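Q: I'd like to ask some things about the structure below.
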Amino acid sequence: MVKAPAPALVQDLERLLAGFPYARSLPVDPLAQVLPWAGDRRAAEIVGVLASTVAVGNVKSIRTDLTALLARLGEDPRGFVEGFPRRSWRTLLAPWRHRWIRADQMGFLLLRLGEIYERYPGGLEELFLEGAEGPGPEERFAAGVHALSRGLRYGGPGESRSYYEPPPGYLRLFPSPREGGHPACKREVLFLRWMVRRSPPDLGLWTRVDPSILHVPLDTHVYWIARHLGLTRRASRNWPTVVEITRALRTMDPGDPVRFDFALAHTGISGDCPKRPDRSICGRCAVQPHCDLWRGRRRVPRARGA
Ligand code: SF4
């Protein structure tokens, strides 16, 4: 357990946010390819699930491969998902690949989305909410992520599996915080931020989910800076660390705990933070007074897990 963040850190994070160059960072983020669909909730969900699932690696390769993938869906992602012959899922998107993620896996994802939308007229929000029960925000959110992951893998709670068997490696694309190892589930949690947060840059299309239950999508950049700002002392990038960092962020803004996430992630992605003391760069850093690395207190070991 870490102590509550100092008021001065909150003020400096606000300064980081106020001066953040969204015009530079948003176009390179996968969210940029979801935003054009903000007026069509179902299409935004489909594109959002694809975009968050391939959000692995550097932003340039994500953008290139996601653009190629979305081009296959054309101008009507919803019609594509509803209309393609289901037996063709293996070859539907071939040839395509993003790192270890293959075209047959993404074809199966589109198949699963079609099956989910037949059962859940309210879409993935309804699937999430069907599972999101518990005494507090942490339990509700973890249960909702579990339901979403289970749905994208096989089917919703109480639903039988897909008629088709998923291709090798598919199930690992959608981990659950309830599994052994308690993974951080970064991509699902990122998708939920996009859909639920009401303020830019996010879409806020899921109006039945309270943004106060959101947790931080814990990528390597957010983990690094959170660790150096003292928001966690945990050495593993897993679900308990997601919860610990989110608790700290919730003390700063109980209604919108992941408000700083985009800026923190892109501080690392953009190279604004060199992840080493550099007087020419760190001198301009809004959170420099709180950075353990700058203050020379300690070096943080590489995180275990993903
Ligand atoms: S002070 Fe330097 S190393 Fe620390 S967070 Fe800021 S830019 Fe990164």
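Scheme for the structure tokens: letters A, B, ... for chains in order shown; per-chain residue numbers from 1; ligand numbers from 1 in order shown.
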Could you give me the residues within 12 Å of ligand 1, counting only C-alpha atoms and all ligand atoms, as a PyMOL selection string?
A: chain A and resi 9+12-13+16+221-230+263-300
Q: Would you pick out the contacts of segment 115-121 of chain A at 8 Å or less, using only C-alpha atoms, so that residues sharing its chain but fewer than 2 positions from it are not included, and give the list as a VMD selection string?
A: chain A and resid 111 to 113 123 to 124 126 to 127 151 to 152 155 to 156 162
Q: I need the chosen residues saved as a PDB file, in the first residue's frame, with C-alpha atoms.
A:
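File written: again.pdb
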ATOM      1  CA  LEU A 111     -16.988 -13.693 -35.754  1.00  0.00           C
ATOM      2  CA  ARG A 112     -17.312 -13.445 -31.960  1.00  0.00           C
ATOM      3  CA  LEU A 113     -18.480  -9.833 -32.202  1.00  0.00           C
ATOM      4  CA  GLY A 123     -23.541  -4.529 -27.417  1.00  0.00           C
ATOM      5  CA  LEU A 124     -20.362  -4.900 -25.409  1.00  0.00           C
ATOM      6  CA  GLU A 126     -24.443  -4.823 -21.948  1.00  0.00           C
ATOM      7  CA  LEU A 127     -21.995  -7.739 -21.823  1.00  0.00           C
ATOM      8  CA  GLY A 151     -17.449 -12.886 -24.003  1.00  0.00           C
ATOM      9  CA  LEU A 152     -14.789 -12.077 -26.573  1.00  0.00           C
ATOM     10  CA  GLY A 155     -19.606 -16.110 -25.146  1.00  0.00           C
ATOM     11  CA  GLY A 156     -21.269 -14.113 -22.409  1.00  0.00           C
ATOM     12  CA  SER A 162     -19.022 -20.297 -30.371  1.00  0.00           C
TER      13      SER A 162
END
Q: Could you name the residues that touch Pro201 of chain A at 10 Å or less, counting only C-alpha atoms, but leaving out those on the same chain fewer than 6 positions away, as a ChimeraX atom specification?
A: /A:22,26,31-32,35,193-194,259,262
Q: Store the residues picked out above in a file with N, CA and C atoms, as a PDB file, in the first residue's frame.
A:
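Saved result, out17.pdb, follows:
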ATOM      1  N   TYR A  22      -1.810  17.607 -27.056  1.00  0.00           N
ATOM      2  CA  TYR A  22      -2.692  16.587 -27.642  1.00  0.00           C
ATOM      3  C   TYR A  22      -2.591  16.580 -29.170  1.00  0.00           C
ATOM      4  N   LEU A  26      -2.198  12.789 -30.077  1.00  0.00           N
ATOM      5  CA  LEU A  26      -3.421  12.060 -30.417  1.00  0.00           C
ATOM      6  C   LEU A  26      -3.356  11.409 -31.802  1.00  0.00           C
ATOM      7  N   LEU A  31      -6.315   5.377 -30.654  1.00  0.00           N
ATOM      8  CA  LEU A  31      -7.618   6.012 -30.429  1.00  0.00           C
ATOM      9  C   LEU A  31      -8.010   6.920 -31.601  1.00  0.00           C
ATOM     10  N   ALA A  32      -7.005   7.500 -32.270  1.00  0.00           N
ATOM     11  CA  ALA A  32      -7.290   8.412 -33.389  1.00  0.00           C
ATOM     12  C   ALA A  32      -8.078   7.713 -34.493  1.00  0.00           C
ATOM     13  N   LEU A  35     -11.896   7.470 -33.127  1.00  0.00           N
ATOM     14  CA  LEU A  35     -12.654   8.721 -32.974  1.00  0.00           C
ATOM     15  C   LEU A  35     -13.548   9.052 -34.174  1.00  0.00           C
ATOM     16  N   ARG A 193     -11.557   2.515 -21.230  1.00  0.00           N
ATOM     17  CA  ARG A 193     -11.342   3.969 -21.049  1.00  0.00           C
ATOM     18  C   ARG A 193     -11.901   4.728 -22.240  1.00  0.00           C
ATOM     19  N   TRP A 194     -11.606   4.252 -23.447  1.00  0.00           N
ATOM     20  CA  TRP A 194     -12.095   4.927 -24.645  1.00  0.00           C
ATOM     21  C   TRP A 194     -13.623   5.013 -24.642  1.00  0.00           C
ATOM     22  N   ARG A 259      -8.079  10.155 -15.584  1.00  0.00           N
ATOM     23  CA  ARG A 259      -7.998  11.415 -16.324  1.00  0.00           C
ATOM     24  C   ARG A 259      -6.582  11.716 -16.830  1.00  0.00           C
ATOM     25  N   PHE A 262      -3.835   9.318 -20.478  1.00  0.00           N
ATOM     26  CA  PHE A 262      -3.333   9.603 -21.829  1.00  0.00           C
ATOM     27  C   PHE A 262      -2.035  10.415 -21.754  1.00  0.00           C
TER      28      PHE A 262
END
Q: Determine the nearest neighbour of Pro177 of chain A from the options A:Val242, A:Val28, A:Ala103, A:Leu70, counting only C-alpha atoms.
A: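 For Pro177 of chain A, the nearest of the candidates is A:Val242.
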Q: Near Arg208 of chain A, within 12 Å and counting only C-alpha atoms, which residues show up once chain neighbours fewer than 3 positions away are dropped, as a compact mmCIF listing (two decimals) with C-alpha atoms, in the first residue's frame?
A:
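Output file result-v8.txt follows:
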# COMPACT_ATOMS: atom_id res chain seq x y z
CA GLY A 122 -26.87 -3.34 -26.10
CA GLY A 123 -23.54 -4.53 -27.42
CA LEU A 124 -20.36 -4.90 -25.41
CA GLU A 125 -21.59 -2.45 -22.75
CA GLU A 126 -24.44 -4.82 -21.95
CA LEU A 127 -22.00 -7.74 -21.82
CA PHE A 128 -19.69 -5.77 -19.49
CA LEU A 129 -22.54 -4.73 -17.22
CA GLU A 130 -23.93 -8.26 -17.03
CA ALA A 132 -19.89 -6.00 -13.42
CA MET A 195 -15.73 3.84 -24.40
CA VAL A 196 -16.56 5.09 -20.90
CA ARG A 197 -14.67 8.30 -20.09
CA ARG A 198 -16.86 11.26 -20.92
CA GLY A 204 -17.81 8.40 -23.64
CA LEU A 205 -20.28 6.26 -25.58
CA PRO A 211 -16.36 6.47 -15.20
CA SER A 212 -15.43 6.40 -11.50
CA ILE A 213 -14.94 2.59 -11.71
Q: Would you compute the distance between atom CA of Leu249 of chain A and atom CA of Leu214 of chain A? Give it in Å to one decimal.
A: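 Atom CA of Leu214 of chain A lies at a distance of 10.6 Å from atom CA of Leu249 of chain A.
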Q: What's the 6 Å shell around segment 51-58 of chain A, counting only C-alpha atoms, without same-chain residues fewer than 3 positions away, as a CSV table (one decimal) with all heavy atoms, in the first residue's frame?
A:
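Generated file (result-v6.csv):
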chain,number,residue,atom,x,y,z
A,30,PRO,N,-3.7,4.9,-31.3
A,30,PRO,CA,-4.7,4.1,-31.9
A,30,PRO,C,-6.1,4.6,-31.7
A,30,PRO,O,-7.0,4.4,-32.6
A,30,PRO,CB,-4.6,2.7,-31.3
A,30,PRO,CG,-3.5,2.7,-30.3
A,30,PRO,CD,-2.8,4.0,-30.4
A,47,VAL,N,-14.5,-1.0,-34.2
A,47,VAL,CA,-13.2,-0.5,-34.5
A,47,VAL,C,-12.3,-0.4,-33.2
A,47,VAL,O,-11.1,-0.6,-33.2
A,47,VAL,CB,-13.3,0.9,-35.2
A,47,VAL,CG1,-11.9,1.5,-35.4
A,47,VAL,CG2,-14.0,0.7,-36.5
A,48,GLY,N,-13.0,0.0,-32.1
A,48,GLY,CA,-12.3,0.1,-30.8
A,48,GLY,C,-11.7,-1.2,-30.3
A,48,GLY,O,-10.6,-1.3,-29.8
A,61,SER,N,4.1,1.2,-35.9
A,61,SER,CA,3.7,-0.1,-36.5
A,61,SER,C,2.2,-0.4,-36.2
A,61,SER,O,1.5,-1.0,-37.0
A,61,SER,CB,4.6,-1.2,-36.0
A,61,SER,OG,4.3,-1.5,-34.7
A,187,ARG,N,-5.0,-4.0,-22.7
A,187,ARG,CA,-5.8,-3.7,-23.9
A,187,ARG,C,-7.3,-3.6,-23.7
A,187,ARG,O,-7.9,-2.7,-24.2
A,187,ARG,CB,-5.4,-4.7,-25.0
A,187,ARG,CG,-4.0,-4.5,-25.5
A,187,ARG,CD,-3.5,-5.6,-26.4
A,187,ARG,NE,-3.4,-6.8,-25.7
A,187,ARG,CZ,-3.1,-8.0,-26.4
A,187,ARG,NH1,-3.0,-8.0,-27.7
A,187,ARG,NH2,-3.0,-9.1,-25.7
A,191,PHE,N,-9.5,-0.2,-23.9
A,191,PHE,CA,-10.8,-0.1,-24.7
A,191,PHE,C,-11.9,0.5,-23.8
A,191,PHE,O,-12.7,1.3,-24.2
A,191,PHE,CB,-11.2,-1.5,-25.2
A,191,PHE,CG,-12.5,-1.6,-25.7
A,191,PHE,CD1,-12.9,-1.1,-26.9
A,191,PHE,CD2,-13.5,-2.3,-25.0
A,191,PHE,CE1,-14.1,-1.2,-27.5
A,191,PHE,CE2,-14.8,-2.4,-25.5
A,191,PHE,CZ,-15.1,-1.8,-26.7
Q: So which one's closest to Lys3 of chain A, A:Ser88, A:Ile245, A:Pro135, A:Arg15? Using only C-alpha atoms, please.
A: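 Among the listed residues, A:Ile245 lies closest to Lys3 of chain A.
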Q: Env of Arg72 of chain A: 10 Å cut, atoms = only C-alpha atoms, seq-sep filter 6 positions within chain, self excluded. Answer as a ChimeraX atom specification.
A: /A:80,92-94,96
Q: Among segment 45-227 of chain A, which residues does DSSP mark as helix (DSSP H, G or I) when it is run on the backbone? Keep the chain and numbering as in the structure and answer as a ChimeraX atom specification.
A: /A:45-53,59-73,77-83,86-88,103-119,123-131,137-153,171-173,186-196,211-213,220-227
